[in-house]
Amino acid sequence: MSTEPPAGGAPAPAVQLSAITKRFPGVVANSDVNISVRVGTVHALVGENGAGKSTLMKILYGMQQPDEGTIAIDGAPVIFASPADAIRAGVGMVHQHFMLADNLTVLENVVLGSEPRKGVGLDFATARARITEISSAYGLGVDPDRLVADLGVGERQRVEILKVLYRGARTLILDEPTAVLVPQEVEELFGNLRDLKAEGLTILFISHKLDEVLSVADDITVMRRGTTVASVLPQDVTARKLAELMVGSALPVPELRESTVTDEAVLSVDGLTVVNADGRTVLDDVSFTIHAGEVLGIAGVEGNGQAELVEALMGIRPCSAGTITLSGRDITRATTRQRRESGMGYIPEDRHRQGLLLEATLWENRVLGHQTSKPNVRGPLLDRRGAKADTERIVAEYDVRTPGIEVHAAALSGGNQQKLIVGREMSGSPVLLIASHPTRGVDVGAQAAIWEHIRRARAERLAVLLISADLDELIGMSDTLSVILRGRLVADHDPAAVTPEQLGSAMTGAGRED
Amino acid sequence: MRNLTLRSVLLGLAAPVGALVFAALLCAGILAVTGHSPVDTVDAMSASAQRPRTLVNSLNTAVSYYLSAVAVAIGFRMKLFNIGVDGQYRMAALLAAALAGAAFMEGVPPVLRVTMTVLASMLVGAAWAGIAALLKVTRGVSEVISTIMLNAIATYLVSYLNNPARLAEVNPGSNDVKTPDITAGGQVPGFEVTGSSSKVYGLVFLAVLVGFLYWFVLSRTRFGFELKATGLSESAAVASGVSVKKMVVISMLLSGAVAGLVGIPELLGASHSYSLNFPAGVGFIGIAVALLGRNHPIGMAVAALLWGFLFNTANSLDTAGVPREIVDIMQGVIVLSVVVAYELVRRYRVRAEQHAVGHALGRTKTAEEVSA
Amino acid sequence: MTVGGLSVGLAKAPARRSRRIPPYVYLLIAVGALAVVSTVRVFTGATDLTSSGTVQAALTAAVPLAMAALGGVWTERAGVVNIGLEGMMVLGTFGAGYAGYQWGPWAGVVFGLILGLVAGLLHAVATVTFGVDHIVSGVAINLLAPGIALFLSKLYFADAPGGGQKQSPRLEDAAKVTLPGFSDLMGTIETKRWFFVSDLAGVLRGLTTQVSLLTLLAVVLIVATAWVLWRTPFGLRLRSCGESPSAAESLGVNVYKYKYLAVTASGAFAGLGGAFLAVSSGQFRDGQTAGRGFIGLAAMIFGNWRPGGLATGAGLFGYTDAMALRSADAVHALLLLLGIALIVVAAIQYRSGHYVLSGVAAAIGVLFGWWFFASDEVPPELVGAAPYVVTLLVLGLASQRLRPPKFVGEPYRRGQAV
């Protein structure tokens, strides 16, 4: 693997992906992807969830192998059979979910797998010196002897970057690096990235947050449905234009018809505060009301308290202060079961973790969360016949593509699993639906269907709390919009008037003055 | 897909049958290598199997194995490992024996006396298991570790209590120590079988009843559903309104209560006292039986009978000059290979089902259009 | 702590580890503990509490426990739970009996180690390659091993001179060494019965008199484990498999390989522990291990999954074991010591704001103190339960200070780690 630039002309691109295609059983994750990344630049790769960005980066990092196409690093063609090959060629990756061992020190995490040796022992002195050197060269400010468990999120990310640099990477892939950061940490990260760039390193930055991309990238490549659809320069596009490129025009547009909002309050939250186990206030004095027939959308960068809000409302997480009132009844101290029984439906953010029993049949999944209501039970006994019949109904009404209701939930595609959950949560005429990222990771058809079901239920006086990272979904589907930032609701917007850009800047705290 | 197609039945049986055959072949190999004749061994065992007494004893042994397996399975269904059945049943049997044999019980009517004994054993088993449940829900202590510790503590506690100075007396004419004999009013008579000197335990029905209740509660009630849901996904269960702490406590107590019953059929049907010779280690056998029977009420019954049969025919081996431990080895190999086999079958099934669904959806496309 | 299974009841956020404790603090704790023991000795007159004889016996009893615990550290640090240690130890005792009576104690040690290693390999195949639940596989090995040992025992020992169906012929013990001069000097001081000084002398004499080479080997192995696991690249990689297999995998560490090595090594250590037990007690006997594999596991937990800690735990449990055989007075005095220890725990928990725990610890402590003053002796049948009770107390009252490997007991399959 030569790193020599070809003779004459401009230097070869740091990374050149040509005609990459990758198929999984039943899905084409990447088809004919072409990207060229210039040396010493920040290159952003943008696209919606499921556009194929992650698969592409896994291919570039050797975690998966392409079915077709070639990769060239600094002009030389390479084949990566494993991450080890990629590391050797100078490609490093900072994963979205940190790959760090909490109970090991920073030093141990960094050197793992390529330890300096003194005899058979680990050469701690050399390791410490190198880490300190890299850390100060790029302004990372990492102390090698601290335990990772004691570090904050921003520090952990810098450890991840240090891990990659320690291995001599010249090209860094950052997969959604800002998803877990608070705004000031994002600024610090961007400062680090500029330092790295100044040292001649190349950065591939994956994101779907357009304002960030526009502020940090030198080049932008847009992916849609598994393929690259455009390469643009940040000065030539607006966030709106980028969003259109990402979404395309063929996608269904989420929108509500006439307002169905009534003046009957269904859910009233007053002064809700949640302090988590390590004493941090993750939800701070949150108050709002949702009326029958109203969809309240919550916008926010992930990790600003949305998950905690949902779990506090569902009674999964205890709240420290404040009251929750459902249809006039105080449910602040009620159990999850009591809340569900009084008419709360729940579409969880992570359906595999909270929404389904993957190794149980569809009809058993129909019972899940509704173990105390008809038609699933009669007293303390399961009503298997009733549950099965109702599952058949959901499968038909919600168009769940399955050969039968005795298959395990794991065998269904993501979209069909989600439709089953939506169908389940809509049955038994709930008064409130908490929908957390209801269309995340589902195909276009399922997305449109899920939106239609929410619209219909809203017309029948359902109150909905909608949490989503998809700004268009939020704007299109909400009657009222609130922005959550660092655990507080900071601004209300009228979805009819707000643009994704305004919302985006409110989400990062930049738009708080207006 | 749970339709009982021939293929799925065969697949379900492949693992246990394969494990049995593998274990039998391996043991035959071990015997051959160590200079014993596998054929003679099988002869000895089958000769013994033709004696009615062996069969009766096998059934009786299977009764306690089955109860032990059910106790273990209750926990297994929600990924709770009650390794402590062993300690629970020994504590329960000793204390129940002491109660049933106590002098003041003489005046109690037989039915009430037996009922009290049975309830006492369940209570003791549940209480002993309750310690582990308490540590788990309040302090997050792994039930595996705590029940292992409680087993050992039970061993010492039992030997402390089973002492002439405490609950027991010296068996006249031997150096065995035992609790006072339970008199006729506290016993449960067995069933005579022609040709056999031992009787079938009257409390064989207790095992059947427990098995039926286990099946009914797990597959037909809300509680059973929640137990299973917790085992499949703790986070999904929590989001669905299941209080996992409550489930841990309840299922641990239930498991302990059933564990408490393990020694009772033997106690009230044959030994009539708790002595140093009371069967030990049945709790661990229960784990093996539950694994082989896949926590299924019928599967565990078959496994318990097999284990009981192997245990009792093994007695004939010593006379044939083969160490009876070959049966222990065989049981160990069966368990180890059957869990591997089940895991392989499970992986295969997940893949096969995903394929099947993909296939079915490809083909049902036209059907959908018709129905729409 | 987790060993797979349900996570209910676990603290949501891990408590932060306190700063690294400098060695002199440990020394101070040891001196303080000895001072307390010494006070109790003077108060109760139970001289056996710190006599060199007790310490010697405790050391012999502790070595097999420490080896099992060491096996536990190896396997759990790599993320695999191994409750099959007990069974592996049984095989070790048989191996030592078989080779030991024919070719001497060291051959016995090696053979015991090999049998344990084979059983460890079996556990690795089941758990790592086939993804069988760690507990299930461990239980199966515990069922299998005693059967194999007894089968082979009947086969090879029944007709051997001095052997029997359930026991091997006599084994020769390994050589023993004494620190010349020092041991006698300490002996002289010990007999003076001075407060603290004589107690220290008793302990030192016990540690330097008639020490089996096996004990020295065990010490070497504990130190070596600490060095290998915490000071070498190999150890770092092995531990990373228990702390975060996905991180290890993403950096090119072959997680399967390290898990295999760790689990196999743990079997070898358990086998060694069994062999030490058989050699030091002069023969293999059926049922000889009597749950020592589980006590080893307890010692490992007590020692917070660290070699120094497990050595302390094994020493402590070996000490109660030795005490039970030697002196009813001393065992009785242990009640008071346990009560004092619990009051100390209560004080520590109170200072860190865990008032309920502190109250529970204090109550149990007072209970032990009351037992001490209200009785004259501890029933000998109950003494053996001490290690298990202590472990439950540690788990129940101080578990927030324990730090098991994060992914211990979790299933891992290549490419599927989250």
# chains A, B, ... in the order shown; residues from 1 in each chain; ligands from 1

$ residues_around --residues "Gln16 (chain A)" --least-positions-apart "2" --cutoff "6 Å" --atoms "only C-alpha atoms" --output "list in words"
Ile35, Ser36, Ile71 and Ala72 of chain A

$ interface_residues --of "chain B" --to "chain C" --cutoff "7 Å" --atoms "only C-alpha atoms" --output "PyMOL selection string"
chain B and resi 79-80+135-142+146+149+152-153+156-157+159-160+234+244-245+323+325-326+328-329+332-333+335-336+339-340+343

$ interface_residues --of "chain C" --to "chain A" --cutoff "6 Å" --atoms "only C-alpha atoms" --output "PDB file with N, CA, C and O atoms, in the first residue's frame"
ATOM      1  N   ALA C  13     -26.164   4.116  37.698  1.00  0.00           N
ATOM      2  CA  ALA C  13     -24.880   4.708  37.338  1.00  0.00           C
ATOM      3  C   ALA C  13     -23.796   4.086  38.203  1.00  0.00           C
ATOM      4  O   ALA C  13     -23.956   3.953  39.401  1.00  0.00           O
ATOM      5  N   ARG C 231       0.160  -5.599  33.809  1.00  0.00           N
ATOM      6  CA  ARG C 231       1.349  -4.882  33.355  1.00  0.00           C
ATOM      7  C   ARG C 231       1.815  -5.322  31.974  1.00  0.00           C
ATOM      8  O   ARG C 231       2.895  -4.907  31.550  1.00  0.00           O
ATOM      9  N   THR C 232       1.089  -6.177  31.304  1.00  0.00           N
ATOM     10  CA  THR C 232       1.537  -6.594  29.972  1.00  0.00           C
ATOM     11  C   THR C 232       0.448  -6.338  28.938  1.00  0.00           C
ATOM     12  O   THR C 232      -0.732  -6.265  29.281  1.00  0.00           O
ATOM     13  N   PRO C 233       0.857  -6.217  27.670  1.00  0.00           N
ATOM     14  CA  PRO C 233      -0.136  -6.075  26.596  1.00  0.00           C
ATOM     15  C   PRO C 233      -1.109  -7.252  26.576  1.00  0.00           C
ATOM     16  O   PRO C 233      -2.317  -7.071  26.399  1.00  0.00           O
ATOM     17  N   GLU C 243     -14.183  -6.190  29.805  1.00  0.00           N
ATOM     18  CA  GLU C 243     -14.677  -4.839  30.069  1.00  0.00           C
ATOM     19  C   GLU C 243     -15.488  -4.290  28.909  1.00  0.00           C
ATOM     20  O   GLU C 243     -16.460  -3.574  29.101  1.00  0.00           O
ATOM     21  N   SER C 244     -15.051  -4.566  27.691  1.00  0.00           N
ATOM     22  CA  SER C 244     -15.770  -4.078  26.526  1.00  0.00           C
ATOM     23  C   SER C 244     -15.321  -4.850  25.293  1.00  0.00           C
ATOM     24  O   SER C 244     -14.423  -4.421  24.575  1.00  0.00           O
ATOM     25  N   ALA C 247     -15.124  -2.864  22.051  1.00  0.00           N
ATOM     26  CA  ALA C 247     -13.957  -1.998  21.892  1.00  0.00           C
ATOM     27  C   ALA C 247     -12.754  -2.839  21.500  1.00  0.00           C
ATOM     28  O   ALA C 247     -12.001  -2.481  20.589  1.00  0.00           O
ATOM     29  N   LEU C 251     -10.567  -2.799  17.788  1.00  0.00           N
ATOM     30  CA  LEU C 251      -9.147  -2.489  17.692  1.00  0.00           C
ATOM     31  C   LEU C 251      -8.344  -3.711  17.257  1.00  0.00           C
ATOM     32  O   LEU C 251      -7.131  -3.755  17.423  1.00  0.00           O
ATOM     33  N   GLY C 252      -9.015  -4.682  16.721  1.00  0.00           N
ATOM     34  CA  GLY C 252      -8.313  -5.825  16.156  1.00  0.00           C
ATOM     35  C   GLY C 252      -7.912  -6.885  17.160  1.00  0.00           C
ATOM     36  O   GLY C 252      -7.134  -7.772  16.841  1.00  0.00           O
ATOM     37  N   VAL C 253      -8.422  -6.827  18.389  1.00  0.00           N
ATOM     38  CA  VAL C 253      -8.119  -7.876  19.363  1.00  0.00           C
ATOM     39  C   VAL C 253      -8.997  -9.086  19.052  1.00  0.00           C
ATOM     40  O   VAL C 253     -10.203  -8.941  18.856  1.00  0.00           O
TER      41      VAL C 253
END

$ residues_around --residues "Arg486 (chain A)" --least-positions-apart "3" --cutoff "8 Å" --atoms "only C-alpha atoms" --output "VMD selection string"
chain A and resid 182 282 to 283 304 to 305

$ interface_residues --of "chain B" --to "chain A" --cutoff "9 Å" --atoms "only C-alpha atoms" --output "compact mmCIF listing (two decimals) with all heavy atoms, in the first residue's frame"
# COMPACT_ATOMS: atom_id res chain seq x y z
N MET B 1 -42.51 -20.29 13.45
CA MET B 1 -43.83 -20.86 13.16
C MET B 1 -44.07 -22.06 14.04
O MET B 1 -43.27 -22.99 14.06
CB MET B 1 -43.88 -21.28 11.69
CG MET B 1 -44.46 -20.21 10.83
SD MET B 1 -44.01 -20.44 9.12
CE MET B 1 -42.38 -19.78 9.10
N ARG B 2 -45.12 -22.03 14.79
CA ARG B 2 -45.28 -23.10 15.77
C ARG B 2 -46.29 -24.13 15.35
O ARG B 2 -46.66 -24.97 16.15
CB ARG B 2 -45.65 -22.49 17.13
CG ARG B 2 -44.46 -21.92 17.82
CD ARG B 2 -44.60 -21.95 19.32
NE ARG B 2 -45.99 -21.94 19.76
CZ ARG B 2 -46.37 -21.29 20.85
NH1 ARG B 2 -45.52 -20.60 21.54
NH2 ARG B 2 -47.61 -21.33 21.23
N ASN B 3 -46.71 -24.08 14.10
CA ASN B 3 -47.61 -25.12 13.66
C ASN B 3 -46.82 -26.42 13.78
O ASN B 3 -45.65 -26.48 13.46
CB ASN B 3 -48.08 -24.97 12.22
CG ASN B 3 -47.75 -23.62 11.64
OD1 ASN B 3 -47.24 -22.76 12.35
ND2 ASN B 3 -48.01 -23.45 10.37
N VAL B 217 -50.15 -21.94 34.78
CA VAL B 217 -49.80 -20.57 35.16
C VAL B 217 -48.91 -19.92 34.10
O VAL B 217 -49.10 -18.77 33.72
CB VAL B 217 -49.08 -20.57 36.53
CG1 VAL B 217 -48.47 -19.21 36.81
CG2 VAL B 217 -50.07 -20.94 37.62
N SER B 219 -48.51 -20.69 30.80
CA SER B 219 -48.98 -20.47 29.43
C SER B 219 -50.39 -19.90 29.37
O SER B 219 -50.83 -19.48 28.31
CB SER B 219 -48.91 -21.77 28.63
OG SER B 219 -49.84 -22.68 29.16
N ARG B 220 -51.09 -19.88 30.49
CA ARG B 220 -52.48 -19.45 30.40
C ARG B 220 -52.82 -18.22 31.24
O ARG B 220 -53.91 -17.71 31.16
CB ARG B 220 -53.41 -20.60 30.82
CG ARG B 220 -53.45 -21.75 29.82
CD ARG B 220 -54.07 -21.30 28.51
NE ARG B 220 -54.24 -22.36 27.54
CZ ARG B 220 -53.36 -22.70 26.62
NH1 ARG B 220 -52.22 -22.05 26.53
NH2 ARG B 220 -53.59 -23.67 25.77
N THR B 221 -51.87 -17.76 32.04
CA THR B 221 -52.22 -16.62 32.88
C THR B 221 -51.37 -15.40 32.54
O THR B 221 -50.33 -15.51 31.89
CB THR B 221 -52.01 -16.92 34.38
OG1 THR B 221 -50.61 -17.05 34.61
CG2 THR B 221 -52.73 -18.17 34.81
N ARG B 222 -51.86 -14.27 32.99
CA ARG B 222 -51.17 -13.01 32.78
C ARG B 222 -49.81 -13.05 33.48
O ARG B 222 -48.81 -12.61 32.95
CB ARG B 222 -52.02 -11.89 33.38
CG ARG B 222 -51.75 -10.56 32.85
CD ARG B 222 -52.77 -9.63 33.41
NE ARG B 222 -52.42 -9.27 34.78
CZ ARG B 222 -53.28 -8.84 35.67
NH1 ARG B 222 -54.57 -8.75 35.37
NH2 ARG B 222 -52.89 -8.50 36.86
N PHE B 223 -49.82 -13.61 34.69
CA PHE B 223 -48.57 -13.70 35.44
C PHE B 223 -47.51 -14.47 34.64
O PHE B 223 -46.36 -14.06 34.53
CB PHE B 223 -48.82 -14.38 36.79
CG PHE B 223 -47.56 -14.68 37.54
CD1 PHE B 223 -46.90 -13.68 38.24
CD2 PHE B 223 -47.01 -15.96 37.53
CE1 PHE B 223 -45.72 -13.94 38.92
CE2 PHE B 223 -45.84 -16.22 38.21
CZ PHE B 223 -45.20 -15.22 38.90
N GLY B 224 -47.94 -15.59 34.07
CA GLY B 224 -47.02 -16.40 33.28
C GLY B 224 -46.49 -15.63 32.08
O GLY B 224 -45.30 -15.70 31.75
N PHE B 225 -47.39 -14.88 31.46
CA PHE B 225 -46.97 -14.08 30.31
C PHE B 225 -45.91 -13.07 30.73
O PHE B 225 -44.89 -12.89 30.06
CB PHE B 225 -48.18 -13.36 29.70
CG PHE B 225 -47.81 -12.47 28.55
CD1 PHE B 225 -47.67 -13.00 27.28
CD2 PHE B 225 -47.58 -11.12 28.76
CE1 PHE B 225 -47.30 -12.19 26.22
CE2 PHE B 225 -47.22 -10.31 27.70
CZ PHE B 225 -47.09 -10.84 26.43
N GLU B 226 -46.15 -12.43 31.85
CA GLU B 226 -45.20 -11.40 32.30
C GLU B 226 -43.87 -12.02 32.71
O GLU B 226 -42.81 -11.43 32.50
CB GLU B 226 -45.83 -10.58 33.44
CG GLU B 226 -47.01 -9.78 32.93
CD GLU B 226 -47.64 -8.87 33.98
OE1 GLU B 226 -47.33 -9.04 35.17
OE2 GLU B 226 -48.45 -8.01 33.59
N ALA B 229 -42.16 -12.69 29.47
CA ALA B 229 -41.75 -11.43 28.85
C ALA B 229 -40.50 -10.89 29.53
O ALA B 229 -39.57 -10.43 28.87
CB ALA B 229 -42.88 -10.42 28.92
N LEU B 232 -37.54 -12.73 28.29
CA LEU B 232 -37.14 -12.45 26.91
C LEU B 232 -36.52 -11.07 26.78
O LEU B 232 -35.59 -10.87 26.00
CB LEU B 232 -38.35 -12.57 25.98
CG LEU B 232 -38.84 -14.00 25.72
CD1 LEU B 232 -40.12 -13.98 24.92
CD2 LEU B 232 -37.78 -14.80 25.00
N SER B 233 -37.07 -10.09 27.47
CA SER B 233 -36.50 -8.75 27.39
C SER B 233 -36.92 -7.96 28.62
O SER B 233 -38.07 -7.55 28.73
CB SER B 233 -36.98 -8.05 26.12
OG SER B 233 -36.69 -6.66 26.22
N GLU B 234 -35.97 -7.76 29.50
CA GLU B 234 -36.28 -7.04 30.73
C GLU B 234 -36.74 -5.62 30.42
O GLU B 234 -37.71 -5.13 31.00
CB GLU B 234 -35.02 -7.02 31.61
CG GLU B 234 -35.29 -6.50 33.00
CD GLU B 234 -34.02 -6.41 33.84
OE1 GLU B 234 -32.96 -6.84 33.37
OE2 GLU B 234 -34.09 -5.89 34.95
N SER B 235 -36.07 -4.96 29.45
CA SER B 235 -36.42 -3.57 29.18
C SER B 235 -37.81 -3.46 28.58
O SER B 235 -38.57 -2.54 28.91
CB SER B 235 -35.38 -2.94 28.26
OG SER B 235 -35.18 -3.75 27.12
N ALA B 236 -38.16 -4.40 27.70
CA ALA B 236 -39.50 -4.35 27.11
C ALA B 236 -40.55 -4.63 28.17
O ALA B 236 -41.63 -4.03 28.17
CB ALA B 236 -39.61 -5.36 25.97
N ALA B 237 -40.25 -5.52 29.10
CA ALA B 237 -41.20 -5.81 30.16
C ALA B 237 -41.44 -4.57 31.02
O ALA B 237 -42.58 -4.25 31.35
CB ALA B 237 -40.68 -6.97 31.02
N VAL B 238 -40.37 -3.87 31.35
CA VAL B 238 -40.51 -2.66 32.16
C VAL B 238 -41.38 -1.65 31.44
O VAL B 238 -42.30 -1.06 32.01
CB VAL B 238 -39.12 -2.06 32.48
CG1 VAL B 238 -39.27 -0.68 33.09
CG2 VAL B 238 -38.36 -2.96 33.42
N ALA B 239 -41.10 -1.46 30.15
CA ALA B 239 -41.87 -0.48 29.37
C ALA B 239 -43.33 -0.91 29.23
O ALA B 239 -44.19 -0.11 28.90
CB ALA B 239 -41.24 -0.28 28.00
N SER B 240 -43.60 -2.18 29.45
CA SER B 240 -44.96 -2.68 29.31
C SER B 240 -45.69 -2.75 30.64
O SER B 240 -46.72 -3.38 30.75
CB SER B 240 -44.95 -4.07 28.68
OG SER B 240 -44.21 -4.04 27.51
N GLY B 241 -45.10 -2.14 31.65
CA GLY B 241 -45.80 -2.07 32.92
C GLY B 241 -45.56 -3.25 33.84
O GLY B 241 -46.29 -3.43 34.80
N VAL B 242 -44.54 -4.06 33.56
CA VAL B 242 -44.23 -5.16 34.46
C VAL B 242 -43.25 -4.65 35.51
O VAL B 242 -42.25 -4.02 35.18
CB VAL B 242 -43.59 -6.33 33.69
CG1 VAL B 242 -43.21 -7.44 34.64
CG2 VAL B 242 -44.53 -6.84 32.62
N SER B 243 -43.55 -4.89 36.78
CA SER B 243 -42.60 -4.52 37.82
C SER B 243 -41.64 -5.68 38.00
O SER B 243 -41.97 -6.72 38.57
CB SER B 243 -43.33 -4.24 39.13
OG SER B 243 -42.39 -4.26 40.18
N VAL B 350 -33.83 -19.45 13.89
CA VAL B 350 -33.97 -18.01 13.64
C VAL B 350 -33.70 -17.73 12.18
O VAL B 350 -34.46 -17.03 11.50
CB VAL B 350 -32.99 -17.23 14.54
CG1 VAL B 350 -32.93 -15.77 14.10
CG2 VAL B 350 -33.43 -17.32 15.99
N ARG B 351 -32.62 -18.32 11.66
CA ARG B 351 -32.28 -18.10 10.24
C ARG B 351 -33.37 -18.63 9.34
O ARG B 351 -33.83 -17.97 8.42
CB ARG B 351 -30.95 -18.77 9.92
CG ARG B 351 -29.76 -17.86 10.11
CD ARG B 351 -28.60 -18.34 9.26
NE ARG B 351 -28.34 -19.77 9.41
CZ ARG B 351 -27.60 -20.27 10.38
NH1 ARG B 351 -27.04 -19.48 11.26
NH2 ARG B 351 -27.40 -21.57 10.48
N GLU B 353 -36.46 -19.19 9.92
CA GLU B 353 -37.72 -18.47 9.96
C GLU B 353 -37.63 -17.18 9.16
O GLU B 353 -38.56 -16.83 8.42
CB GLU B 353 -38.10 -18.14 11.42
CG GLU B 353 -39.51 -17.61 11.51
CD GLU B 353 -39.99 -17.51 12.94
OE1 GLU B 353 -39.46 -16.69 13.69
OE2 GLU B 353 -40.88 -18.30 13.30
N GLN B 354 -36.50 -16.50 9.27
CA GLN B 354 -36.35 -15.28 8.49
C GLN B 354 -36.44 -15.58 6.99
O GLN B 354 -37.10 -14.88 6.24
CB GLN B 354 -35.03 -14.58 8.83
CG GLN B 354 -35.23 -13.46 9.83
CD GLN B 354 -34.00 -13.14 10.65
OE1 GLN B 354 -32.95 -13.75 10.45
NE2 GLN B 354 -34.11 -12.20 11.56
N HIS B 355 -35.79 -16.68 6.61
CA HIS B 355 -35.88 -17.09 5.21
C HIS B 355 -37.33 -17.38 4.82
O HIS B 355 -37.82 -16.93 3.79
CB HIS B 355 -35.02 -18.33 4.96
CG HIS B 355 -33.62 -17.98 4.62
ND1 HIS B 355 -33.22 -17.65 3.35
CD2 HIS B 355 -32.52 -17.88 5.40
CE1 HIS B 355 -31.94 -17.37 3.37
NE2 HIS B 355 -31.47 -17.49 4.60
N ALA B 356 -37.98 -18.15 5.70
CA ALA B 356 -39.35 -18.57 5.39
C ALA B 356 -40.27 -17.37 5.24
O ALA B 356 -41.10 -17.32 4.33
CB ALA B 356 -39.87 -19.48 6.51
N VAL B 357 -40.10 -16.37 6.12
CA VAL B 357 -40.94 -15.19 6.03
C VAL B 357 -40.68 -14.45 4.73
O VAL B 357 -41.60 -14.05 4.02
CB VAL B 357 -40.72 -14.27 7.26
CG1 VAL B 357 -41.38 -12.92 7.03
CG2 VAL B 357 -41.27 -14.92 8.50
N GLY B 358 -39.39 -14.31 4.41
CA GLY B 358 -39.04 -13.66 3.15
C GLY B 358 -39.70 -14.37 1.98
O GLY B 358 -40.33 -13.73 1.11
N ALA B 360 -42.32 -16.46 2.02
CA ALA B 360 -43.78 -16.39 2.06
C ALA B 360 -44.26 -15.04 1.54
O ALA B 360 -45.25 -14.96 0.80
CB ALA B 360 -44.27 -16.60 3.49
N LEU B 361 -43.55 -13.97 1.92
CA LEU B 361 -43.99 -12.65 1.49
C LEU B 361 -43.81 -12.48 0.00
O LEU B 361 -44.62 -11.86 -0.68
CB LEU B 361 -43.24 -11.56 2.26
CG LEU B 361 -43.63 -11.51 3.73
CD1 LEU B 361 -42.91 -10.40 4.43
CD2 LEU B 361 -45.14 -11.34 3.87
N THR B 364 -46.81 -14.33 -1.43
CA THR B 364 -48.18 -13.91 -1.12
C THR B 364 -48.55 -12.57 -1.74
O THR B 364 -49.59 -12.03 -1.46
CB THR B 364 -48.39 -13.81 0.41
OG1 THR B 364 -47.34 -13.01 0.93
CG2 THR B 364 -48.40 -15.16 1.06

$ closest_residue --among "B:Val193, B:Leu203, B:Ile83, B:Ala168" --to "Val144 (chain B)" --atoms "only C-alpha atoms"
B:Ile83

$ atom_distance --atom1 "CA of Ala448 (chain A)" --atom2 "CA of Val400 (chain A)"
13.6 Å

$ decode --residues "region 155-161 of chain C" --atoms "N, CA, C and O atoms" --output "PDB file, in the first residue's frame"
ATOM      1  N   LEU C 155     -11.526 -47.264  39.170  1.00  0.00           N
ATOM      2  CA  LEU C 155     -10.780 -47.992  38.161  1.00  0.00           C
ATOM      3  C   LEU C 155      -9.322 -48.160  38.573  1.00  0.00           C
ATOM      4  O   LEU C 155      -8.740 -49.232  38.444  1.00  0.00           O
ATOM      5  N   TYR C 156      -8.724 -47.067  39.069  1.00  0.00           N
ATOM      6  CA  TYR C 156      -7.283 -47.087  39.260  1.00  0.00           C
ATOM      7  C   TYR C 156      -6.846 -47.259  40.711  1.00  0.00           C
ATOM      8  O   TYR C 156      -5.727 -47.657  40.974  1.00  0.00           O
ATOM      9  N   PHE C 157      -7.690 -46.903  41.659  1.00  0.00           N
ATOM     10  CA  PHE C 157      -7.228 -46.924  43.039  1.00  0.00           C
ATOM     11  C   PHE C 157      -7.718 -48.132  43.825  1.00  0.00           C
ATOM     12  O   PHE C 157      -7.140 -48.472  44.847  1.00  0.00           O
ATOM     13  N   ALA C 158      -8.806 -48.763  43.346  1.00  0.00           N
ATOM     14  CA  ALA C 158      -9.412 -49.832  44.132  1.00  0.00           C
ATOM     15  C   ALA C 158      -8.386 -50.929  44.446  1.00  0.00           C
ATOM     16  O   ALA C 158      -8.344 -51.447  45.558  1.00  0.00           O
ATOM     17  N   ASP C 159      -7.565 -51.238  43.456  1.00  0.00           N
ATOM     18  CA  ASP C 159      -6.619 -52.339  43.668  1.00  0.00           C
ATOM     19  C   ASP C 159      -5.203 -51.860  43.959  1.00  0.00           C
ATOM     20  O   ASP C 159      -4.295 -52.654  44.102  1.00  0.00           O
ATOM     21  N   ALA C 160      -5.027 -50.543  43.997  1.00  0.00           N
ATOM     22  CA  ALA C 160      -3.686 -50.033  44.273  1.00  0.00           C
ATOM     23  C   ALA C 160      -3.386 -50.219  45.754  1.00  0.00           C
ATOM     24  O   ALA C 160      -4.289 -50.194  46.581  1.00  0.00           O
ATOM     25  N   PRO C 161      -2.091 -50.409  46.091  1.00  0.00           N
ATOM     26  CA  PRO C 161      -1.739 -50.621  47.507  1.00  0.00           C
ATOM     27  C   PRO C 161      -2.106 -49.395  48.337  1.00  0.00           C
ATOM     28  O   PRO C 161      -1.711 -48.281  48.012  1.00  0.00           O
TER      29      PRO C 161
END
